[in-house]
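What follows is the content of model.pdb, which has PDB, C-alpha atoms, pLDDT in the B column:
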```pdb
ATOM      1  CA  MET A  25     -11.729  -4.981   4.471  1.00 89.00           C
ATOM      2  CA  GLY A  26      -8.631  -5.463   6.605  1.00 91.00           C
ATOM      3  CA  LEU A  27      -7.450  -8.373   4.481  1.00 93.00           C
ATOM      4  CA  ARG A  28      -8.084  -6.383   1.308  1.00 93.00           C
ATOM      5  CA  PHE A  29      -5.788  -3.630   2.603  1.00 95.00           C
ATOM      6  CA  LEU A  30      -3.119  -6.143   3.594  1.00 95.00           C
ATOM      7  CA  LYS A  31      -3.230  -7.927   0.236  1.00 94.00           C
ATOM      8  CA  ILE A  32      -2.826  -4.728  -1.776  1.00 93.00           C
ATOM      9  CA  ALA A  33      -0.064  -3.639   0.651  1.00 94.00           C
ATOM     10  CA  VAL A  34       1.900  -6.754  -0.308  1.00 95.00           C
ATOM     11  CA  VAL A  35       1.505  -5.820  -3.980  1.00 94.00           C
ATOM     12  CA  TYR A  36       2.910  -2.344  -3.279  1.00 93.00           C
ATOM     13  CA  LEU A  37       5.781  -3.895  -1.302  1.00 94.00           C
ATOM     14  CA  PHE A  38       6.646  -6.218  -4.203  1.00 95.00           C
ATOM     15  CA  VAL A  39       6.536  -3.390  -6.766  1.00 94.00           C
ATOM     16  CA  GLY A  40       8.564  -1.038  -4.537  1.00 94.00           C
ATOM     17  CA  ALA A  41      11.161  -3.684  -3.738  1.00 94.00           C
ATOM     18  CA  SER A  42      11.438  -4.661  -7.397  1.00 95.00           C
ATOM     19  CA  LEU A  43      11.984  -1.040  -8.366  1.00 94.00           C
ATOM     20  CA  GLY A  44      14.632  -0.660  -5.655  1.00 94.00           C
ATOM     21  CA  LEU A  45      16.370  -3.822  -6.812  1.00 95.00           C
ATOM     22  CA  TYR A  46      16.317  -2.637 -10.422  1.00 96.00           C
ATOM     23  CA  MET A  47      17.734   0.773  -9.487  1.00 95.00           C
ATOM     24  CA  GLY A  48      20.503  -0.916  -7.520  1.00 94.00           C
ATOM     25  CA  MET A  49      21.404  -3.243 -10.364  1.00 95.00           C
ATOM     26  CA  VAL A  50      21.649  -0.508 -12.993  1.00 95.00           C
ATOM     27  CA  GLU A  51      23.027   2.028 -10.475  1.00 93.00           C
ATOM     28  CA  THR A  52      20.645   4.748 -11.654  1.00 91.00           C
ATOM     29  CA  PHE A  53      18.727   6.225  -8.744  1.00 93.00           C
ATOM     30  CA  THR A  54      16.586   8.829 -10.472  1.00 93.00           C
ATOM     31  CA  LEU A  55      13.424   6.928  -9.478  1.00 92.00           C
ATOM     32  CA  ALA A  56      14.317   6.883  -5.774  1.00 94.00           C
ATOM     33  CA  PRO A  57      11.389   9.181  -4.819  1.00 94.00           C
ATOM     34  CA  VAL A  58       8.984   6.850  -6.630  1.00 93.00           C
ATOM     35  CA  HIS A  59      10.483   3.882  -4.812  1.00 94.00           C
ATOM     36  CA  ALA A  60      10.152   5.654  -1.450  1.00 93.00           C
ATOM     37  CA  HIS A  61       6.523   6.587  -2.073  1.00 91.00           C
ATOM     38  CA  LEU A  62       5.620   3.070  -3.199  1.00 90.00           C
ATOM     39  CA  VAL A  63       7.139   1.532  -0.110  1.00 92.00           C
ATOM     40  CA  LEU A  64       6.039   4.102   2.472  1.00 91.00           C
ATOM     41  CA  LEU A  65       2.643   5.153   1.146  1.00 86.00           C
ATOM     42  CA  GLY A  66       1.859   1.811  -0.423  1.00 87.00           C
ATOM     43  CA  TRP A  67       3.238  -0.835   1.877  1.00 92.00           C
ATOM     44  CA  ALA A  68       3.526   0.846   5.272  1.00 92.00           C
ATOM     45  CA  THR A  69       0.362   2.951   5.228  1.00 93.00           C
ATOM     46  CA  LEU A  70      -1.900   0.300   3.716  1.00 94.00           C
ATOM     47  CA  ALA A  71      -0.538  -2.426   5.991  1.00 95.00           C
ATOM     48  CA  LEU A  72      -1.148  -0.240   9.039  1.00 95.00           C
ATOM     49  CA  ALA A  73      -4.679   0.550   7.859  1.00 95.00           C
ATOM     50  CA  GLY A  74      -5.275  -3.159   7.236  1.00 95.00           C
ATOM     51  CA  VAL A  75      -4.210  -4.023  10.771  1.00 96.00           C
ATOM     52  CA  VAL A  76      -6.460  -1.304  12.208  1.00 95.00           C
ATOM     53  CA  TYR A  77      -9.436  -2.467  10.148  1.00 95.00           C
ATOM     54  CA  HIS A  78      -8.729  -6.057  11.170  1.00 94.00           C
ATOM     55  CA  PHE A  79      -8.782  -5.234  14.885  1.00 95.00           C
ATOM     56  CA  TYR A  80     -11.781  -2.869  14.551  1.00 95.00           C
ATOM     57  CA  PRO A  81     -14.162  -4.727  12.241  1.00 94.00           C
ATOM     58  CA  ALA A  82     -16.976  -2.242  12.845  1.00 94.00           C
ATOM     59  CA  ALA A  83     -14.871   0.470  11.201  1.00 93.00           C
ATOM     60  CA  ALA A  84     -14.154  -1.826   8.251  1.00 93.00           C
ATOM     61  CA  GLU A  85     -17.859  -2.234   7.493  1.00 93.00           C
ATOM     62  CA  THR A  86     -18.504   1.443   6.842  1.00 94.00           C
ATOM     63  CA  LYS A  87     -18.771   3.155   3.491  1.00 95.00           C
ATOM     64  CA  LEU A  88     -15.872   5.386   4.531  1.00 95.00           C
ATOM     65  CA  ALA A  89     -13.576   2.332   4.675  1.00 94.00           C
ATOM     66  CA  ARG A  90     -14.386   1.476   1.053  1.00 94.00           C
ATOM     67  CA  ILE A  91     -13.843   5.106   0.043  1.00 95.00           C
ATOM     68  CA  HIS A  92     -10.519   5.041   1.930  1.00 94.00           C
ATOM     69  CA  PHE A  93      -9.401   1.937   0.037  1.00 93.00           C
ATOM     70  CA  TRP A  94     -10.279   3.233  -3.426  1.00 93.00           C
ATOM     71  CA  ALA A  95      -9.085   6.792  -2.814  1.00 93.00           C
ATOM     72  CA  HIS A  96      -5.727   5.554  -1.568  1.00 90.00           C
ATOM     73  CA  ASN A  97      -5.226   3.304  -4.574  1.00 88.00           C
ATOM     74  CA  LEU A  98      -6.562   5.571  -7.303  1.00 89.00           C
ATOM     75  CA  LEU A  99      -5.135   8.891  -6.188  1.00 76.00           C
TER      76      LEU A  99
END
```

Spell out the structure here as structure tokens.
Amino acid sequence: MGLRFLKIAVVYLFVGASLGLYMGMVETFTLAPVHAHLVLLGWATLALAGVVYHFYPAAAETKLARIHFWAHNLL
């Protein structure tokens, strides 16, 4: 479960960085809140959760961990 969180965190980082790069190139920053949420809630939060689940594998095996993963990505 920890690796699953880390892999999806990298996807969020790539999407957030791409959006930031695009906004910088066209110099239109109306999507800055979206960029911030993608990077902070996507990359930082999921990477931190992935590290925690990696170091505490018993927590990663629970049903709550799977609910956490899907709720974070779908909501």

For this file, the PyMOL selection byres ((chain A and resi 66) around 12) selects which residues, as an mmCIF file with C-alpha atoms, in the frame of the given file?
```cif
data_model
loop_
_atom_site.group_PDB
_atom_site.id
_atom_site.type_symbol
_atom_site.label_atom_id
_atom_site.label_comp_id
_atom_site.auth_asym_id
_atom_site.auth_seq_id
_atom_site.Cartn_x
_atom_site.Cartn_y
_atom_site.Cartn_z
ATOM 1 C CA PHE A 29 -5.788 -3.630 2.603
ATOM 2 C CA LEU A 30 -3.119 -6.143 3.594
ATOM 3 C CA LYS A 31 -3.230 -7.927 0.236
ATOM 4 C CA ILE A 32 -2.826 -4.728 -1.776
ATOM 5 C CA ALA A 33 -0.064 -3.639 0.651
ATOM 6 C CA VAL A 34 1.900 -6.754 -0.308
ATOM 7 C CA VAL A 35 1.505 -5.820 -3.980
ATOM 8 C CA TYR A 36 2.910 -2.344 -3.279
ATOM 9 C CA LEU A 37 5.781 -3.895 -1.302
ATOM 10 C CA PHE A 38 6.646 -6.218 -4.203
ATOM 11 C CA VAL A 39 6.536 -3.390 -6.766
ATOM 12 C CA GLY A 40 8.564 -1.038 -4.537
ATOM 13 C CA ALA A 41 11.161 -3.684 -3.738
ATOM 14 C CA VAL A 58 8.984 6.850 -6.630
ATOM 15 C CA HIS A 59 10.483 3.882 -4.812
ATOM 16 C CA ALA A 60 10.152 5.654 -1.450
ATOM 17 C CA HIS A 61 6.523 6.587 -2.073
ATOM 18 C CA LEU A 62 5.620 3.070 -3.199
ATOM 19 C CA VAL A 63 7.139 1.532 -0.110
ATOM 20 C CA LEU A 64 6.039 4.102 2.472
ATOM 21 C CA LEU A 65 2.643 5.153 1.146
ATOM 22 C CA TRP A 67 3.238 -0.835 1.877
ATOM 23 C CA ALA A 68 3.526 0.846 5.272
ATOM 24 C CA THR A 69 0.362 2.951 5.228
ATOM 25 C CA LEU A 70 -1.900 0.300 3.716
ATOM 26 C CA ALA A 71 -0.538 -2.426 5.991
ATOM 27 C CA LEU A 72 -1.148 -0.240 9.039
ATOM 28 C CA ALA A 73 -4.679 0.550 7.859
ATOM 29 C CA GLY A 74 -5.275 -3.159 7.236
ATOM 30 C CA PHE A 93 -9.401 1.937 0.037
ATOM 31 C CA HIS A 96 -5.727 5.554 -1.568
ATOM 32 C CA ASN A 97 -5.226 3.304 -4.574
ATOM 33 C CA LEU A 98 -6.562 5.571 -7.303
ATOM 34 C CA LEU A 99 -5.135 8.891 -6.188
#
```

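Among the candidates A:Met25, A:Ala82, A:Leu43, A:Ile91, the one nearest to Pro57 in chain A when counting only C-alpha atoms is A:Leu43.
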
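In this model, the gap between CA of Gly26 in chain A and CA of Tyr80 in chain A comes to 8.9 Å.
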
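Relative to CA of Ala84 in chain A, CA of Leu27 in chain A is found at 10.1 Å.
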
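Reported to one decimal place, the separation of CA of Ser42 in chain A from CA of His92 in chain A is 25.8 Å.
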